[in-house]
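The next block holds one structure in the form of structure tokens; read it before the comments.
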Amino acid sequence: MKQLRHTIIRAGLGALYFTGAHRLLRPVFAGAGTIFMLHHVRPRRGNAFQPNHHLEITPDFLRATLSHLRSRGIDIINIDEMHQRLVLRDFSRRFACFTFDDGYRDNRDFALPVMREFDAPFTVYVASDFAEGTGRLWWVALEMVVAKADRIEADIGGVAVRLDATTAAAKQAAFDRLHGWLRGLPGEQDVRREVSALCVRHGVDEDVISHDLCLSWNELQPFADDPLVTIGAHTISHCNLAKQSEAIVAHEMTISRARIEAALQRPVLHFAYPYGDRNAAAAREFALARANGFKTAVTTRPGMLFAESAAHLTALPRVSLNGNYQDQRYLPVLTSGAATALWTGFRRTHAA
Ligand SMILES: [Zn+2]
């Protein structure tokens with residue numbers, strides 16, 4: 001099902017490209033600017049089963065994107081400058097902002113060198129438990145379980161199911177089923193408990209994942225000193241905020257910021273909501289981010305920035321540079337705003 005959706009989106013992007021429709025849509029939907037959302041940047045891996053592939057792009061695709069933006073005369077600015085332009089309503093030049101979620105080590109090893117080639121600033125949103133080495137990247141743990149297992153037994157909605165995981169296709173189907181179930185569980189603790197149980201049963205050591213993938217505090221210090229880098233907050237535990245009490249949301253926001261500020265000795269003024277879709281960040285979270293002093297906060301809702309975005313600085317949409325659509329021909333479509341218009345039903349959406 002997921003594959004089918006990807007195929008349709010890819011066909012849609014292709015159609016926009018080949019018909020040139022994105023050029024017609026540009027004046028209406030291109031907006032003032034774009035915040036790009038990235039996660040991992042690293043060389044392509046060979047495995048057939050890569051259920052989290054949408055969360056990574058190659059250094060070459062990043063380079064192609066930057067070079068496309070430069071060739072169109074689009075300013076690549078840091079998030080403080082973006083905030084400034086929105087507040088001052090300075091839309092004399094189109095701009096793009098680059099943001100990376102979670103604080104992966106490959107952002108330093110593969111993204112930073114490419115960003116330097118273009119003198120392009122970027123923001124990395126750090127989940128403080130990930131930097132601490134104690135965080136739970138449960139979607140990676142789940143990938144490791146399914147990659148390793150031939151068969152997975154789980155209790156889904158009170159029904160014991162046995163999922164085949166002998167082929168790459170079967171693994172993808174098993175992953176989708178388990179991922180959907182886990183995202184639907186009522187609390188963060190439920191997700192952690194179930195994923196931990198799967199890890200124990202299948203001999204996966206989930207304790208080493210955040211340490212293996214994420215920048216530690218010691219590594220973040222010199223990284224944050226780079227003039228191109230801004231560090232933002234991404235909660236303590238990378239939980240779905242919409243499922244937490246108001247007190248916990250405020251705690252996740254303020255304590256993650258305090259920990260980053262203490263470790264890196266600089267103010268943290270920008271925030272990204274984990275998961276960031278409608279089910280993870282809505283009006284209450286937008287208000288709390290503002291009340292807790294963040295200048296901006298970004299969602300994962302697709303969209304470009306418009307003049308109206310200045311009134312919704314803690315509910316900013318982004319454009320995903322998605323690993324499943326790494327085709328240079330799509331870049332003019334993405335920057336035209338036609339792709340996000342397609343996804344949002346041709347509404348110039350902002351905060352709901
Ligand atoms: Zn995240």
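We label chains A, B, ... in the order they appear in the structure tokens, count residues from 1 in each chain, and number ligands from 1 in the order shown.
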| query | Quick one: residues within 12 Å of A:Pro222, only C-alpha atoms counted, chain neighbours fewer than 5 positions away excluded, as a ChimeraX atom specification? | reply | /A:108,215-217,227-231,263-265
Export N, CA, C and O atoms of the chosen residues as a PDB file, in the first residue's frame?
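Output below, filename again00.pdb:
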```
ATOM      1  N   ARG A 108      26.845  15.676  10.327  1.00  0.00           N
ATOM      2  CA  ARG A 108      28.190  16.250  10.420  1.00  0.00           C
ATOM      3  C   ARG A 108      29.106  15.650   9.338  1.00  0.00           C
ATOM      4  O   ARG A 108      29.850  16.371   8.676  1.00  0.00           O
ATOM      5  N   LEU A 215      24.739  12.300  17.198  1.00  0.00           N
ATOM      6  CA  LEU A 215      25.854  13.076  17.739  1.00  0.00           C
ATOM      7  C   LEU A 215      25.719  13.159  19.256  1.00  0.00           C
ATOM      8  O   LEU A 215      24.636  13.459  19.775  1.00  0.00           O
ATOM      9  N   SER A 216      26.817  12.879  19.952  1.00  0.00           N
ATOM     10  CA  SER A 216      26.828  12.995  21.413  1.00  0.00           C
ATOM     11  C   SER A 216      27.038  14.475  21.779  1.00  0.00           C
ATOM     12  O   SER A 216      27.365  15.294  20.924  1.00  0.00           O
ATOM     13  N   TRP A 217      26.880  14.790  23.064  1.00  0.00           N
ATOM     14  CA  TRP A 217      27.129  16.172  23.506  1.00  0.00           C
ATOM     15  C   TRP A 217      28.553  16.610  23.134  1.00  0.00           C
ATOM     16  O   TRP A 217      28.762  17.731  22.678  1.00  0.00           O
ATOM     17  N   PRO A 227      30.036  28.108  12.007  1.00  0.00           N
ATOM     18  CA  PRO A 227      29.160  29.269  11.743  1.00  0.00           C
ATOM     19  C   PRO A 227      27.942  28.926  10.878  1.00  0.00           C
ATOM     20  O   PRO A 227      26.954  29.668  10.899  1.00  0.00           O
ATOM     21  N   LEU A 228      27.976  27.825  10.157  1.00  0.00           N
ATOM     22  CA  LEU A 228      26.819  27.458   9.330  1.00  0.00           C
ATOM     23  C   LEU A 228      25.714  26.783  10.144  1.00  0.00           C
ATOM     24  O   LEU A 228      24.581  26.665   9.687  1.00  0.00           O
ATOM     25  N   VAL A 229      26.048  26.317  11.354  1.00  0.00           N
ATOM     26  CA  VAL A 229      25.124  25.443  12.103  1.00  0.00           C
ATOM     27  C   VAL A 229      24.343  26.207  13.171  1.00  0.00           C
ATOM     28  O   VAL A 229      24.916  26.970  13.947  1.00  0.00           O
ATOM     29  N   THR A 230      23.028  25.988  13.202  1.00  0.00           N
ATOM     30  CA  THR A 230      22.168  26.421  14.309  1.00  0.00           C
ATOM     31  C   THR A 230      21.603  25.159  14.945  1.00  0.00           C
ATOM     32  O   THR A 230      21.194  24.239  14.237  1.00  0.00           O
ATOM     33  N   ILE A 231      21.600  25.108  16.287  1.00  0.00           N
ATOM     34  CA  ILE A 231      21.014  23.945  16.960  1.00  0.00           C
ATOM     35  C   ILE A 231      19.650  24.344  17.532  1.00  0.00           C
ATOM     36  O   ILE A 231      19.522  25.361  18.220  1.00  0.00           O
ATOM     37  N   ALA A 263      24.662  22.305  27.687  1.00  0.00           N
ATOM     38  CA  ALA A 263      25.745  21.527  27.075  1.00  0.00           C
ATOM     39  C   ALA A 263      26.504  22.338  26.033  1.00  0.00           C
ATOM     40  O   ALA A 263      27.715  22.193  25.888  1.00  0.00           O
ATOM     41  N   LEU A 264      25.802  23.202  25.311  1.00  0.00           N
ATOM     42  CA  LEU A 264      26.434  23.881  24.172  1.00  0.00           C
ATOM     43  C   LEU A 264      26.679  25.364  24.418  1.00  0.00           C
ATOM     44  O   LEU A 264      27.272  26.038  23.573  1.00  0.00           O
ATOM     45  N   GLN A 265      26.213  25.840  25.584  1.00  0.00           N
ATOM     46  CA  GLN A 265      26.487  27.238  25.967  1.00  0.00           C
ATOM     47  C   GLN A 265      26.050  28.240  24.904  1.00  0.00           C
ATOM     48  O   GLN A 265      26.832  29.100  24.503  1.00  0.00           O
TER      49      GLN A 265
END
```
| request: Pick out the residues no farther than 9 Å from ligand 1, counting only C-alpha atoms and all ligand atoms, and list them as a ChimeraX atom specification. | output: /A:39,100-103,125-127,137,234-235,238-239,272-276
| task | Any chance you could list, as a list in words, the residues in stretch 68-227 of chain A that come up strand (DSSP E or B) when DSSP is run on the backbone? | result | Asp75, Ile76, Phe95, Ala96, Cys97, Phe98, Thr99, Phe100, Asp101, Asp102, Tyr104, Phe122, Thr123, Val124, Tyr125, Val126, Arg151, Ile152, Glu153, Ala154, Asp155, Ile156, Val159, Ala160, Val161, Arg162, Leu163, Asp164 and Cys214 of chain A
| request: Just the residues within 9 Å of stretch 58-64 of chain A, please, counting only C-alpha atoms, with nothing from its chain fewer than 4 positions along; format it as a count of residues only. | output: 20
| field | Nearest-residue call for A:Arg193, choices A:Leu334, A:Met144, A:Trp138, A:Thr167, using only C-alpha atoms | value | A:Trp138
| request: State, in Å with one decimal place, the distance from atom CA of A:Leu163 to atom CA of A:Lys243. | output: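 If I compute the distance from atom CA of A:Leu163 to atom CA of A:Lys243, I get 28.1 Å.
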| request: Between A:Gln50, A:Ser128, A:Ser309, A:Thr34, single out the one closest to A:Ala262, counting only C-alpha atoms. | output: A:Ser128
| task | Just the alpha helix (DSSP H) stuff from stretch 25-204 of chain A, please, per backbone DSSP, written as a PyMOL selection string. | result | chain A and resi 25-29+59-71+79-88+105-106+112-117+128-132+138-148+168-183+188-202
| request: Fewer than 6 positions away in the same chain doesn't count, so skip those; otherwise give me all residues within 10 Å of stretch 170-173 of chain A, counting only C-alpha atoms, as an NGL selection string. | output: :A and (1-3 or 48-51 or 143 or 145-152 or 163-164 or 179)
Just all heavy atoms for this one: save the residues we selected as a compact mmCIF listing (two decimals), in the first residue's frame.
```txt
# COMPACT_ATOMS: atom_id res chain seq x y z
N MET A 1 0.85 -1.20 0.00
CA MET A 1 0.00 0.00 0.00
C MET A 1 0.88 1.25 0.00
O MET A 1 0.69 2.16 -0.80
CB MET A 1 -0.90 -0.03 1.24
CG MET A 1 -2.07 0.95 1.15
SD MET A 1 -3.09 0.66 -0.29
CE MET A 1 -3.67 2.31 -0.64
N LYS A 2 1.87 1.22 0.89
CA LYS A 2 2.80 2.33 0.98
C LYS A 2 3.51 2.52 -0.36
O LYS A 2 3.65 3.64 -0.85
CB LYS A 2 3.83 2.05 2.07
CG LYS A 2 3.94 3.18 3.06
CD LYS A 2 4.96 2.84 4.11
CE LYS A 2 4.80 3.74 5.32
NZ LYS A 2 5.60 3.31 6.44
N GLN A 3 3.96 1.39 -0.94
CA GLN A 3 4.66 1.44 -2.21
C GLN A 3 3.77 2.06 -3.28
O GLN A 3 4.22 2.85 -4.09
CB GLN A 3 5.11 0.03 -2.64
CG GLN A 3 6.36 -0.46 -1.94
CD GLN A 3 7.47 0.59 -1.90
OE1 GLN A 3 7.86 1.06 -0.85
NE2 GLN A 3 7.97 0.98 -3.06
N ALA A 48 17.95 -4.65 0.36
CA ALA A 48 16.66 -4.58 -0.33
C ALA A 48 15.59 -4.06 0.63
O ALA A 48 14.65 -3.38 0.22
CB ALA A 48 16.27 -5.96 -0.85
N PHE A 49 15.71 -4.40 1.92
CA PHE A 49 14.70 -4.00 2.90
C PHE A 49 15.17 -2.72 3.62
O PHE A 49 16.10 -2.76 4.42
CB PHE A 49 14.50 -5.14 3.91
CG PHE A 49 13.64 -4.76 5.09
CD1 PHE A 49 12.33 -4.36 4.92
CD2 PHE A 49 14.15 -4.81 6.39
CE1 PHE A 49 11.54 -4.02 6.01
CE2 PHE A 49 13.38 -4.45 7.49
CZ PHE A 49 12.06 -4.06 7.29
N GLN A 50 14.57 -1.59 3.25
CA GLN A 50 14.93 -0.32 3.90
C GLN A 50 13.65 0.48 4.18
O GLN A 50 13.35 1.44 3.48
CB GLN A 50 15.85 0.50 2.99
CG GLN A 50 17.24 -0.09 2.84
CD GLN A 50 18.18 0.88 2.13
OE1 GLN A 50 18.27 2.05 2.47
NE2 GLN A 50 18.87 0.37 1.13
N PRO A 51 12.92 0.06 5.20
CA PRO A 51 11.60 0.68 5.44
C PRO A 51 11.69 2.15 5.86
O PRO A 51 10.71 2.87 5.75
CB PRO A 51 11.03 -0.18 6.57
CG PRO A 51 12.23 -0.68 7.29
CD PRO A 51 13.26 -0.92 6.23
N GLU A 143 13.06 -1.70 12.54
CA GLU A 143 13.70 -2.09 11.27
C GLU A 143 14.71 -3.22 11.52
O GLU A 143 14.77 -4.20 10.77
CB GLU A 143 14.41 -0.89 10.63
CG GLU A 143 15.21 -1.26 9.38
CD GLU A 143 15.90 -0.06 8.71
OE1 GLU A 143 15.57 1.10 9.04
OE2 GLU A 143 16.76 -0.30 7.84
N VAL A 145 14.77 -5.40 14.00
CA VAL A 145 14.06 -6.64 14.36
C VAL A 145 13.56 -7.34 13.10
O VAL A 145 13.79 -8.53 12.89
CB VAL A 145 12.87 -6.34 15.31
CG1 VAL A 145 11.91 -7.51 15.39
CG2 VAL A 145 13.37 -5.95 16.70
N VAL A 146 12.90 -6.57 12.24
CA VAL A 146 12.28 -7.18 11.05
C VAL A 146 13.36 -7.65 10.06
O VAL A 146 13.22 -8.67 9.41
CB VAL A 146 11.29 -6.20 10.38
CG1 VAL A 146 10.66 -6.82 9.14
CG2 VAL A 146 10.19 -5.80 11.36
N ALA A 147 14.47 -6.90 9.99
CA ALA A 147 15.57 -7.31 9.10
C ALA A 147 16.15 -8.65 9.55
O ALA A 147 16.51 -9.49 8.72
CB ALA A 147 16.66 -6.24 9.10
N LYS A 148 16.21 -8.85 10.86
CA LYS A 148 16.86 -10.03 11.41
C LYS A 148 15.95 -11.26 11.41
O LYS A 148 16.43 -12.38 11.20
CB LYS A 148 17.28 -9.70 12.85
CG LYS A 148 18.27 -10.66 13.45
CD LYS A 148 18.75 -10.14 14.80
CE LYS A 148 19.66 -11.18 15.44
NZ LYS A 148 20.02 -10.82 16.80
N ALA A 149 14.66 -11.04 11.65
CA ALA A 149 13.74 -12.16 11.88
C ALA A 149 13.22 -12.76 10.58
O ALA A 149 13.16 -12.10 9.54
CB ALA A 149 12.56 -11.66 12.71
N ASP A 150 12.86 -14.05 10.63
CA ASP A 150 12.14 -14.68 9.53
C ASP A 150 10.64 -14.69 9.81
O ASP A 150 9.82 -14.84 8.91
CB ASP A 150 12.60 -16.13 9.35
CG ASP A 150 13.96 -16.17 8.64
OD1 ASP A 150 14.24 -15.23 7.87
OD2 ASP A 150 14.72 -17.12 8.88
N ARG A 151 10.32 -14.58 11.09
CA ARG A 151 8.92 -14.62 11.50
C ARG A 151 8.80 -13.78 12.77
O ARG A 151 9.68 -13.82 13.63
CB ARG A 151 8.54 -16.06 11.80
CG ARG A 151 7.06 -16.26 12.02
CD ARG A 151 6.70 -17.73 12.07
NE ARG A 151 7.56 -18.46 12.98
CZ ARG A 151 8.20 -19.59 12.66
NH1 ARG A 151 8.08 -20.11 11.50
NH2 ARG A 151 8.98 -20.19 13.55
N ILE A 152 7.74 -12.99 12.86
CA ILE A 152 7.57 -12.14 14.04
C ILE A 152 6.20 -12.40 14.64
O ILE A 152 5.19 -12.37 13.93
CB ILE A 152 7.71 -10.65 13.67
CG1 ILE A 152 9.11 -10.40 13.10
CG2 ILE A 152 7.48 -9.75 14.87
CD1 ILE A 152 9.18 -9.27 12.14
N LEU A 163 3.71 -12.89 11.75
CA LEU A 163 4.00 -12.23 10.48
C LEU A 163 5.20 -12.87 9.80
O LEU A 163 6.25 -13.09 10.43
CB LEU A 163 4.29 -10.74 10.71
CG LEU A 163 3.17 -9.95 11.42
CD1 LEU A 163 3.67 -8.56 11.81
CD2 LEU A 163 1.93 -9.85 10.53
N ASP A 164 5.04 -13.18 8.52
CA ASP A 164 6.14 -13.72 7.72
C ASP A 164 7.14 -12.60 7.44
O ASP A 164 6.75 -11.47 7.13
CB ASP A 164 5.56 -14.28 6.41
CG ASP A 164 6.66 -14.72 5.46
OD1 ASP A 164 7.67 -15.27 5.93
OD2 ASP A 164 6.52 -14.50 4.24
N HIS A 179 4.43 -1.05 12.36
CA HIS A 179 4.61 0.39 12.49
C HIS A 179 3.26 1.08 12.69
O HIS A 179 3.10 1.93 13.58
CB HIS A 179 5.32 0.92 11.24
CG HIS A 179 5.78 2.34 11.35
ND1 HIS A 179 4.97 3.41 11.01
CD2 HIS A 179 6.95 2.88 11.76
CE1 HIS A 179 5.64 4.53 11.22
NE2 HIS A 179 6.84 4.25 11.67
```
| said: My list of candidates is A:Arg183, A:Gly158, A:Gly203, A:Ile35. Which is closest to A:Asn240 when distances are computed with only C-alpha atoms? | reply: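 When distances to A:Asn240 are compared using only C-alpha atoms, the smallest one comes from A:Arg183.
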| query | Leaving out A:Ile255 and any residue of its chain fewer than 4 positions from it, which residues lie within 8 Å of it when counting only C-alpha atoms, given as an MDAnalysis selection string? | reply | chainID A and resid 235:236 251 259
| atom CA of A:Phe130 to atom CA of A:Phe271, straight-line distance in Å |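 If I compute the distance from atom CA of A:Phe271 to atom CA of A:Phe130, I get 15.4 Å.
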| From the set A:His270, A:His211, A:Arg284, A:His202, which residue has the shortest atom-to-atom contact distance to A:Gln244, counting only C-alpha atoms? | A:Arg284
| said: What's the separation between atom CA of A:Asp277 and atom CA of A:Arg301, in Å to one decimal place? | reply: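 Interatomic distance here is 5.6 Å.
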